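Engineer: Contents of run.cif (mmCIF, C-alpha atoms) are given next:
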```cif
data_run
#
loop_
_atom_site.label_atom_id
_atom_site.label_comp_id
_atom_site.auth_asym_id
_atom_site.auth_seq_id
_atom_site.Cartn_x
_atom_site.Cartn_y
_atom_site.Cartn_z
CA MET M 6 -30.23 46.15 195.52
CA SER M 7 -27.30 48.55 195.75
CA GLY M 8 -27.52 49.49 192.08
CA GLN M 9 -31.21 50.42 192.18
CA LYS M 10 -31.95 54.03 191.26
CA GLY M 11 -35.32 55.38 192.30
CA PHE M 12 -38.12 52.90 192.86
CA GLU M 13 -40.18 50.41 190.91
CA GLY M 14 -43.27 48.72 192.26
CA TRP M 15 -46.23 46.63 191.15
CA TYR M 16 -49.74 46.33 192.55
CA PHE M 17 -51.62 43.04 192.16
CA LYS M 18 -55.14 43.26 193.57
CA HIS M 19 -57.47 40.29 194.12
CA GLN M 20 -61.12 40.76 195.03
CA LYS M 21 -64.09 38.47 195.63
CA GLY M 22 -67.01 40.00 197.47
CA ASP M 23 -65.77 41.60 200.69
CA ASP M 24 -62.56 39.57 200.53
CA MET M 25 -59.63 41.51 199.12
CA VAL M 26 -55.87 41.14 199.19
CA ALA M 27 -53.26 43.05 197.22
CA PHE M 28 -49.56 42.26 196.96
CA ILE M 29 -47.09 45.04 196.21
CA PRO M 30 -43.63 43.74 195.26
CA GLY M 31 -41.00 46.34 194.52
CA GLN M 32 -37.49 47.64 194.87
CA ALA M 33 -36.04 50.99 195.83
CA GLU M 34 -32.73 52.49 196.89
CA SER M 35 -33.60 51.33 200.41
CA GLY M 36 -33.97 47.69 199.28
CA ALA M 37 -36.50 45.22 197.92
CA PHE M 38 -39.84 44.50 199.57
CA ILE M 39 -43.30 43.01 199.36
CA GLN M 40 -46.22 44.77 200.96
CA LEU M 41 -49.59 43.16 201.60
CA ILE M 42 -52.88 44.92 202.18
CA SER M 43 -56.27 43.40 202.96
CA GLN M 44 -59.42 44.44 204.77
CA GLU M 45 -57.69 43.27 207.99
CA GLY M 46 -54.66 45.54 207.66
CA ALA M 47 -51.27 45.91 206.01
CA GLN M 48 -47.95 44.08 206.38
CA GLN M 49 -44.44 44.74 205.11
CA PHE M 50 -41.89 42.07 204.25
CA GLU M 51 -38.23 42.66 203.51
CA VAL M 52 -36.93 40.82 200.44
CA SER M 53 -33.30 39.81 200.00
CA ASN M 54 -33.46 39.42 196.23
CA LEU M 55 -35.84 40.70 193.55
CA THR M 56 -35.33 40.00 189.86
CA ILE M 57 -37.34 40.66 186.70
CA HIS M 58 -37.02 38.39 183.69
CA ASP M 59 -39.48 37.94 180.80
CA ASP M 60 -42.13 39.89 182.76
CA MET M 61 -41.73 37.51 185.70
CA ILE M 62 -41.05 39.21 189.04
CA ARG M 63 -39.28 36.94 191.52
CA ALA M 64 -39.04 38.20 195.08
CA ASP M 65 -37.33 35.56 197.21
CA GLN M 66 -39.80 32.62 197.13
CA CYS M 67 -42.66 34.66 195.61
CA CYS M 68 -43.42 35.01 191.89
CA PHE M 69 -45.67 37.48 190.08
CA SER M 70 -46.55 37.61 186.38
CA GLY M 71 -49.41 38.10 183.97
CA GLN M 72 -50.34 34.46 184.53
CA GLY M 73 -50.75 34.75 188.29
CA CYS M 74 -48.88 34.82 191.57
CA HIS M 75 -47.23 32.33 193.90
CA ILE M 76 -46.89 33.49 197.50
CA GLU M 77 -44.55 32.20 200.19
CA LEU M 78 -44.23 34.72 203.01
CA PRO M 79 -44.17 34.39 206.81
CA GLY M 80 -47.74 33.51 207.76
CA VAL M 81 -48.97 33.95 204.17
CA SER M 82 -48.99 31.42 201.35
CA GLY M 83 -51.02 30.67 198.26
CA GLU M 84 -51.35 30.56 194.52
CA ILE M 85 -53.75 32.49 192.30
CA ALA M 86 -54.03 32.02 188.52
CA TYR M 87 -55.14 34.89 186.29
CA GLY M 88 -57.41 34.70 183.29
CA SER M 89 -56.79 36.84 180.20
CA LEU M 90 -55.58 40.30 181.13
CA SER M 91 -57.39 43.46 180.01
CA PRO M 92 -54.70 46.03 179.19
CA LEU M 93 -55.50 49.52 177.97
CA CYS M 94 -55.34 50.41 174.28
CA SER M 95 -52.24 52.55 174.92
CA ASP M 96 -50.00 53.87 177.71
CA ILE M 97 -52.09 55.66 180.37
CA MET M 98 -49.38 58.36 180.61
CA GLY M 99 -49.96 59.40 176.99
CA PRO M 100 -47.29 61.82 175.70
CA PHE M 101 -45.97 62.35 179.25
CA ARG M 102 -44.27 58.96 178.96
CA PHE M 103 -41.62 60.67 176.80
CA PHE M 104 -40.65 63.17 179.52
CA PRO M 105 -38.77 62.85 182.82
CA MET M 106 -41.44 62.36 185.47
CA GLU M 107 -41.37 62.09 189.26
CA CYS M 108 -43.68 59.07 188.97
CA ARG M 109 -44.74 57.07 185.92
CA HIS M 110 -47.93 55.07 186.21
CA GLY M 111 -48.79 52.00 184.18
CA VAL M 112 -51.97 49.92 183.99
CA LEU M 113 -51.25 46.24 183.31
CA SER M 114 -54.81 44.93 183.49
CA MET M 115 -58.11 46.62 184.24
CA ALA M 116 -59.79 43.32 185.04
CA HIS M 117 -59.10 39.60 184.84
CA THR M 118 -60.67 36.51 186.37
CA LEU M 119 -59.09 34.71 189.32
CA GLN M 120 -58.71 31.09 190.37
CA GLY M 121 -56.95 30.12 193.57
CA CYS M 122 -56.59 31.03 197.21
CA VAL M 123 -54.36 32.60 199.82
CA ILE M 124 -53.92 31.40 203.41
CA MET M 125 -53.24 34.23 205.85
CA ASP M 126 -52.60 33.40 209.51
CA GLY M 127 -54.35 30.06 209.09
CA HIS M 128 -57.46 31.46 207.39
CA LEU M 129 -58.21 30.45 203.81
CA HIS M 130 -59.26 33.21 201.42
CA SER M 131 -60.64 31.78 198.19
CA PHE M 132 -60.66 34.01 195.13
CA ASP M 133 -62.23 31.49 192.75
CA GLY M 134 -64.42 33.46 190.37
CA GLY M 135 -63.19 36.80 191.69
CA LEU M 136 -61.62 39.66 189.75
CA GLY M 137 -58.10 41.04 189.65
CA TYR M 138 -56.44 44.32 188.75
CA ALA M 139 -52.75 45.07 188.14
CA GLU M 140 -50.67 48.22 187.73
CA LYS M 141 -47.13 49.49 188.26
CA ASP M 142 -45.27 52.66 189.20
CA ARG M 143 -41.69 53.76 188.85
CA GLY M 144 -39.73 56.96 189.40
CA THR M 145 -38.29 58.72 192.43
CA SER M 146 -41.29 59.75 194.57
CA PHE M 147 -45.05 59.50 194.80
CA PRO M 148 -46.75 62.89 194.26
CA ARG M 149 -46.77 65.13 197.33
CA SER M 150 -50.58 65.17 197.13
CA TYR M 151 -52.88 62.88 195.19
CA LEU M 152 -56.06 60.82 195.04
CA TRP M 153 -56.03 57.30 193.59
CA MET M 154 -58.99 54.99 193.35
CA GLN M 155 -59.71 51.71 191.60
CA CYS M 156 -62.76 49.46 191.39
CA ASN M 157 -63.86 46.65 189.11
CA ALA M 158 -66.46 44.96 191.35
CA PHE M 159 -69.69 46.36 189.91
CA PRO M 160 -73.05 44.72 189.03
CA LYS M 161 -72.09 45.11 185.34
CA PRO M 162 -68.68 44.52 183.68
CA CYS M 163 -66.96 47.80 184.55
CA SER M 164 -63.50 48.74 185.79
CA ILE M 165 -62.43 52.24 186.80
CA MET M 166 -59.03 53.68 187.69
CA VAL M 167 -58.60 57.37 188.45
CA SER M 168 -55.66 59.37 189.75
CA ILE M 169 -55.54 63.12 190.33
CA ALA M 170 -52.17 64.38 191.49
CA HIS M 171 -49.82 67.30 191.96
CA VAL M 172 -47.37 66.90 189.08
CA PRO M 173 -44.02 68.74 188.95
CA PHE M 174 -43.06 69.18 185.31
CA CYS M 175 -40.18 71.06 183.69
CA GLY M 176 -39.83 73.57 186.52
CA VAL M 177 -43.55 74.17 187.01
CA SER M 178 -46.36 72.09 188.47
CA PHE M 179 -50.00 71.36 187.72
CA ARG M 180 -52.88 69.18 188.86
CA GLY M 181 -52.83 66.22 186.51
CA CYS M 182 -55.51 63.63 185.90
CA ILE M 183 -55.51 60.16 184.40
CA CYS M 184 -58.69 58.11 184.35
CA ALA M 185 -59.40 54.88 182.52
CA ILE M 186 -62.76 53.14 182.32
CA LEU M 187 -63.43 49.76 180.76
CA TYR M 188 -67.19 49.29 180.49
CA GLN M 189 -68.69 46.27 178.78
CA GLY M 190 -65.57 45.88 176.65
CA ARG M 191 -65.26 49.54 175.60
CA GLU M 192 -62.54 51.85 176.87
CA TYR M 193 -63.13 55.44 177.91
CA ARG M 194 -60.25 57.69 178.90
CA LEU M 195 -60.22 61.10 180.51
CA ALA M 196 -56.82 62.70 180.97
CA THR M 197 -54.94 65.98 181.15
CA TYR M 198 -53.34 65.28 177.77
CA ARG M 199 -56.83 64.85 176.29
CA GLY M 200 -58.12 68.14 177.64
CA VAL M 201 -60.01 66.96 180.72
CA THR M 202 -61.44 69.60 183.03
CA ILE M 203 -61.51 68.84 186.75
CA LYS M 204 -64.82 70.52 187.53
CA SER M 205 -64.90 69.39 191.16
CA PHE M 206 -62.36 67.62 193.35
CA SER M 207 -62.60 66.60 197.00
CA PRO M 208 -62.01 63.37 198.94
CA GLU M 209 -65.73 62.56 198.61
CA TYR M 210 -66.63 63.87 195.15
CA ILE M 211 -64.94 64.09 191.75
CA CYS M 212 -66.45 65.53 188.58
CA LEU M 213 -64.54 65.34 185.29
CA SER M 214 -65.56 66.78 181.94
CA GLN M 215 -63.92 66.08 178.59
CA GLY M 216 -65.57 66.81 175.27
CA SER M 217 -68.93 65.03 175.28
CA LEU M 218 -68.07 62.97 178.38
CA LEU M 219 -69.00 63.78 181.97
CA LEU M 220 -67.93 61.56 184.87
CA GLU M 221 -69.10 61.81 188.47
CA LEU M 222 -67.58 59.77 191.28
CA GLU M 223 -69.12 59.87 194.75
CA VAL M 224 -67.02 58.24 197.46
CA ALA M 225 -67.58 57.32 201.09
CA PRO M 226 -63.95 56.85 202.13
CA SER M 227 -62.69 55.35 205.35
CA ARG M 228 -61.20 57.97 207.63
CA THR M 229 -58.30 55.75 208.60
CA GLY M 230 -57.15 53.22 206.01
CA HIS M 231 -54.16 50.92 206.43
CA PRO M 232 -50.56 52.22 206.37
CA LEU M 233 -48.31 51.43 203.41
CA ARG M 234 -44.77 52.54 202.80
CA ALA M 235 -44.35 54.87 199.83
CA PRO M 236 -41.32 56.16 197.91
CA GLN M 237 -39.75 59.52 198.59
CA CYS M 238 -36.54 60.50 196.81
CA GLY M 239 -35.97 56.89 195.80
CA LYS M 240 -36.37 55.39 199.27
CA MET M 241 -39.43 53.82 200.88
CA SER M 242 -39.39 56.41 203.64
CA SER M 243 -42.89 57.88 203.40
CA THR M 244 -46.22 56.49 204.63
CA ILE M 245 -49.60 56.63 202.90
CA ARG M 246 -52.91 55.04 203.88
CA GLU M 247 -55.07 52.88 201.65
CA SER M 248 -58.68 51.97 202.33
CA CYS M 249 -60.28 48.75 201.11
CA ASN M 250 -63.96 48.11 200.36
CA VAL M 251 -64.89 51.77 200.02
CA HIS M 252 -68.36 52.68 198.73
CA LEU M 253 -68.32 54.23 195.25
CA ARG M 254 -71.08 55.52 193.00
CA ALA M 255 -69.87 56.09 189.44
CA ARG M 256 -71.88 57.82 186.72
CA LEU M 257 -70.78 58.44 183.15
CA TRP M 258 -72.66 60.49 180.56
CA LYS M 259 -72.00 61.09 176.87
CA ARG M 260 -73.76 64.06 175.28
CA GLY M 261 -76.10 64.10 178.24
CA LYS M 262 -77.12 60.47 177.82
CA THR M 263 -76.36 58.09 180.67
CA ILE M 264 -73.83 55.40 179.77
CA PHE M 265 -73.87 53.87 183.25
CA ASP M 266 -74.87 54.56 186.84
CA LEU M 267 -73.22 51.93 189.03
CA GLN M 268 -72.43 51.42 192.69
CA SER M 269 -69.94 49.22 194.52
CA ASP M 270 -68.81 48.64 198.09
CA HIS M 271 -65.43 47.33 196.93
CA ALA M 272 -63.31 50.24 195.74
CA THR M 273 -59.74 50.73 196.91
CA TYR M 274 -58.83 54.30 197.71
CA GLU M 275 -55.87 56.50 198.65
CA PHE M 276 -55.96 60.21 199.41
CA VAL M 277 -52.89 62.26 200.35
CA PRO M 278 -53.83 65.91 201.00
CA ASN M 279 -51.75 68.90 200.04
CA HIS M 280 -50.33 70.42 203.20
CA GLY M 281 -49.16 73.50 201.39
CA ALA M 282 -45.58 72.35 200.97
#
```
The structure given in the file should be rewritten as structure tokens.

Structural biologist:
Amino acid sequence: MSGQKGFEGWYFKHQKGDDMVAFIPGQAESGAFIQLISQEGAQQFEVSNLTIHDDMIRADQCCFSGQGCHIELPGVSGEIAYGSLSPLCSDIMGPFRFFPMECRHGVLSMAHTLQGCVIMDGHLHSFDGGLGYAEKDRGTSFPRSYLWMQCNAFPKPCSIMVSIAHVPFCGVSFRGCICAILYQGREYRLATYRGVTIKSFSPEYICLSQGSLLLELEVAPSRTGHPLRAPQCGKMSSTIRESCNVHLRARLWKRGKTIFDLQSDHATYEFVPNHGA
């Protein structure tokens, strides 16, 4: 991977009830890799060769695409097929996709059905009838401080992705927000480029207002989470922590009328505080 500039990584999440596993293939200036995170913990695997062709990511003996994934890793194997993906109507970055950015985020699918299983350390994890989510990032570094959360395991068809981050931009910086909601087939989006106001922001509570929309997210995050490597200046030299199966209550209003009030115990969550750097 000597010619790789910056980093590029994908996040393929698979959830069925309390069972969750996500695979994170990627490449950076420090080499190619696959990371795995589940409710049991996180693992990192070095990869000798990663290629991308016709939206197929091949990382040694593993393959990832919009159709599913094939896994052959030490102590981990399996195959999961994906149903029809649910992409957003347009790029989640909005007009910021045209500018140089420290990190560009992309949502590949808010929700899709799963069929298949993964065997980890001799234990079979079946995801038949479960739900998946997929996204990607590329750039040089993750934001120095940010919150990211995703959940699509609700009592009703609903998928939420939200990220609030410190964004350096053209010599200045600001707190940016991207949030996508797919509820019963309809997309709602709250974002900095659409005039969102971050009315409240803490690790446990987020309140966003945009036009006639008001979103409240109440979180009960794990205080530990599992360690994942993260990019810094093009190399996977930083560490973040991701929590699985976090409790989330999500409420969305439009013109004061409740669109939904849903709860889940299966959100994934990352929070990197600002240490005043």

Engineer: Within 6 Å of region 80-91 of chain M, counting all atoms listed in the file, which residues show up once you throw out same-chain ones fewer than 4 positions away? Write them as JSON, numbers by chain, please.

Structural biologist: {"M": [72, 73, 74, 75, 76, 114, 115, 116, 117, 118, 119, 120, 121, 122, 123, 124, 125, 126]}

Engineer: Would you list the residues near (-47.4, 45.0, 188.5), meaning any protein, DNA or RNA residue with an atom at most 9 Å from that point in file coordinates, counting all atoms listed in the file, as a short mmCIF file (atom, residue, chain, number, x, y, z; two decimals) with C-alpha atoms, in the coordinates of the input?

Structural biologist:
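Saved to part-v5.cif:
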```cif
data_model
loop_
_atom_site.label_atom_id
_atom_site.label_comp_id
_atom_site.auth_asym_id
_atom_site.auth_seq_id
_atom_site.Cartn_x
_atom_site.Cartn_y
_atom_site.Cartn_z
CA GLY M 14 -43.27 48.72 192.26
CA TRP M 15 -46.23 46.63 191.15
CA TYR M 16 -49.74 46.33 192.55
CA PHE M 17 -51.62 43.04 192.16
CA ILE M 29 -47.09 45.04 196.21
CA PRO M 30 -43.63 43.74 195.26
CA GLY M 31 -41.00 46.34 194.52
CA ILE M 62 -41.05 39.21 189.04
CA PHE M 69 -45.67 37.48 190.08
CA SER M 70 -46.55 37.61 186.38
CA GLY M 71 -49.41 38.10 183.97
CA GLY M 111 -48.79 52.00 184.18
CA VAL M 112 -51.97 49.92 183.99
CA LEU M 113 -51.25 46.24 183.31
CA SER M 114 -54.81 44.93 183.49
CA ALA M 139 -52.75 45.07 188.14
CA GLU M 140 -50.67 48.22 187.73
CA LYS M 141 -47.13 49.49 188.26
CA ASP M 142 -45.27 52.66 189.20
#
```

Engineer: Which residues are near Gly230 (chain M)? Cut-off 9 Å, only C-alpha atoms, ignore same chain within fewer than 4 positions. Put them as a ChimeraX atom specification.

Structural biologist: /M:46,226,245-249,274-275

Engineer: I need the residue set behind the PyMOL selection byres ((chain M and resi 155) around 12) for this file; please write it as a PyMOL selection string.

Structural biologist: chain M and resi 16-20+112+114-116+137-140+152-154+156-159+163-168+183-187+222+224+247-253+255+269-275

Engineer: Anything within 12 Å of (-41.0, 55.6, 198.9): list those residues as a PDB file with C-alpha atoms, keeping the file's coordinate frame, counting all atoms listed in the file and sticking to the file's coordinates.

Structural biologist:
```pdb
ATOM      1  CA  LYS M  10     -31.950  54.030 191.260  1.00  0.00           C
ATOM      2  CA  GLY M  11     -35.320  55.380 192.300  1.00  0.00           C
ATOM      3  CA  PHE M  12     -38.120  52.900 192.860  1.00  0.00           C
ATOM      4  CA  GLU M  13     -40.180  50.410 190.910  1.00  0.00           C
ATOM      5  CA  GLY M  14     -43.270  48.720 192.260  1.00  0.00           C
ATOM      6  CA  GLY M  31     -41.000  46.340 194.520  1.00  0.00           C
ATOM      7  CA  GLN M  32     -37.490  47.640 194.870  1.00  0.00           C
ATOM      8  CA  ALA M  33     -36.040  50.990 195.830  1.00  0.00           C
ATOM      9  CA  GLU M  34     -32.730  52.490 196.890  1.00  0.00           C
ATOM     10  CA  SER M  35     -33.600  51.330 200.410  1.00  0.00           C
ATOM     11  CA  GLY M  36     -33.970  47.690 199.280  1.00  0.00           C
ATOM     12  CA  ALA M  37     -36.500  45.220 197.920  1.00  0.00           C
ATOM     13  CA  PHE M  38     -39.840  44.500 199.570  1.00  0.00           C
ATOM     14  CA  GLU M 107     -41.370  62.090 189.260  1.00  0.00           C
ATOM     15  CA  CYS M 108     -43.680  59.070 188.970  1.00  0.00           C
ATOM     16  CA  ASP M 142     -45.270  52.660 189.200  1.00  0.00           C
ATOM     17  CA  ARG M 143     -41.690  53.760 188.850  1.00  0.00           C
ATOM     18  CA  GLY M 144     -39.730  56.960 189.400  1.00  0.00           C
ATOM     19  CA  THR M 145     -38.290  58.720 192.430  1.00  0.00           C
ATOM     20  CA  SER M 146     -41.290  59.750 194.570  1.00  0.00           C
ATOM     21  CA  PHE M 147     -45.050  59.500 194.800  1.00  0.00           C
ATOM     22  CA  PRO M 148     -46.750  62.890 194.260  1.00  0.00           C
ATOM     23  CA  ARG M 149     -46.770  65.130 197.330  1.00  0.00           C
ATOM     24  CA  LEU M 233     -48.310  51.430 203.410  1.00  0.00           C
ATOM     25  CA  ARG M 234     -44.770  52.540 202.800  1.00  0.00           C
ATOM     26  CA  ALA M 235     -44.350  54.870 199.830  1.00  0.00           C
ATOM     27  CA  PRO M 236     -41.320  56.160 197.910  1.00  0.00           C
ATOM     28  CA  GLN M 237     -39.750  59.520 198.590  1.00  0.00           C
ATOM     29  CA  CYS M 238     -36.540  60.500 196.810  1.00  0.00           C
ATOM     30  CA  GLY M 239     -35.970  56.890 195.800  1.00  0.00           C
ATOM     31  CA  LYS M 240     -36.370  55.390 199.270  1.00  0.00           C
ATOM     32  CA  MET M 241     -39.430  53.820 200.880  1.00  0.00           C
ATOM     33  CA  SER M 242     -39.390  56.410 203.640  1.00  0.00           C
ATOM     34  CA  SER M 243     -42.890  57.880 203.400  1.00  0.00           C
ATOM     35  CA  THR M 244     -46.220  56.490 204.630  1.00  0.00           C
ATOM     36  CA  ILE M 245     -49.600  56.630 202.900  1.00  0.00           C
TER      37      ILE M 245
END
```

Engineer: When distances are computed from only C-alpha atoms, which of M:Cys182, M:Ile211, M:Val52, M:Leu219 shows the smallest separation from Met98 (chain M)?

Structural biologist: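 Looking only at the distances to Met98 (chain M), the closest residue turns out to be M:Cys182.
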
Engineer: May I ask for the distance between CA of Asp24 (chain M) and CA of Ile97 (chain M), given in Å to one decimal place?

Structural biologist: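 These two atoms are separated by 27.8 Å.
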
Engineer: One decimal, in Å: what's the spacing between CA of Ile57 (chain M) and CA of His231 (chain M)?

Structural biologist: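 Separation between CA of Ile57 (chain M) and CA of His231 (chain M): 27.9 Å.
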
Engineer: How far is it from CA of Leu78 (chain M) to CA of Ile39 (chain M), in Å with one decimal?

Structural biologist: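 Distance between the two atoms: 9.1 Å.
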
Engineer: With the cut-off set at 10 Å and counting only C-alpha atoms, tabulate each residue of region 13-103 of chain M with an atom at most that distance from an atom of region 194-203 of chain M, showing the nearest atom pair and its distance in Å to one decimal, ordered by chain and increasing number, as a Markdown table.

Structural biologist:
```
| residue | atom | partner | partner_atom | distance |
| --- | --- | --- | --- | --- |
| M:Leu93 | CA | M:Arg194 | CA | 9.5 |
| M:Cys94 | CA | M:Arg194 | CA | 9.9 |
| M:Ile97 | CA | M:Ala196 | CA | 8.5 |
| M:Met98 | CA | M:Tyr198 | CA | 8.5 |
| M:Gly99 | CA | M:Tyr198 | CA | 6.8 |
| M:Pro100 | CA | M:Tyr198 | CA | 7.3 |
| M:Phe101 | CA | M:Tyr198 | CA | 8.1 |
```

Engineer: Name every residue that the PyMOL selection byres ((chain M and resi 260-263) around 12) selects in this structure, writing the answer as a count of residues only with chains first and numbers rising.

Structural biologist: 17

Engineer: Using all atoms listed in the file, which of the listed residues (M:His58, M:Phe104, M:Asp96, M:Phe28) sits closest to Glu77 (chain M)?

Structural biologist: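 Selected residue with least distance to Glu77 (chain M): M:Phe28.
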
Engineer: Go through M:Pro208, M:Gly181, M:Pro232, M:Gly135 and flag the residue nearest Asp23 (chain M), using all atoms listed in the file for the distances.

Structural biologist: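 Nearest candidate to Asp23 (chain M) out of M:Pro208, M:Gly181, M:Pro232, M:Gly135: M:Gly135.
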
Engineer: When the PyMOL selection byres ((chain M and resi 150) around 10) is applied to the structure above, which residues does it catch, written out as a count of residues only?

Structural biologist: 17
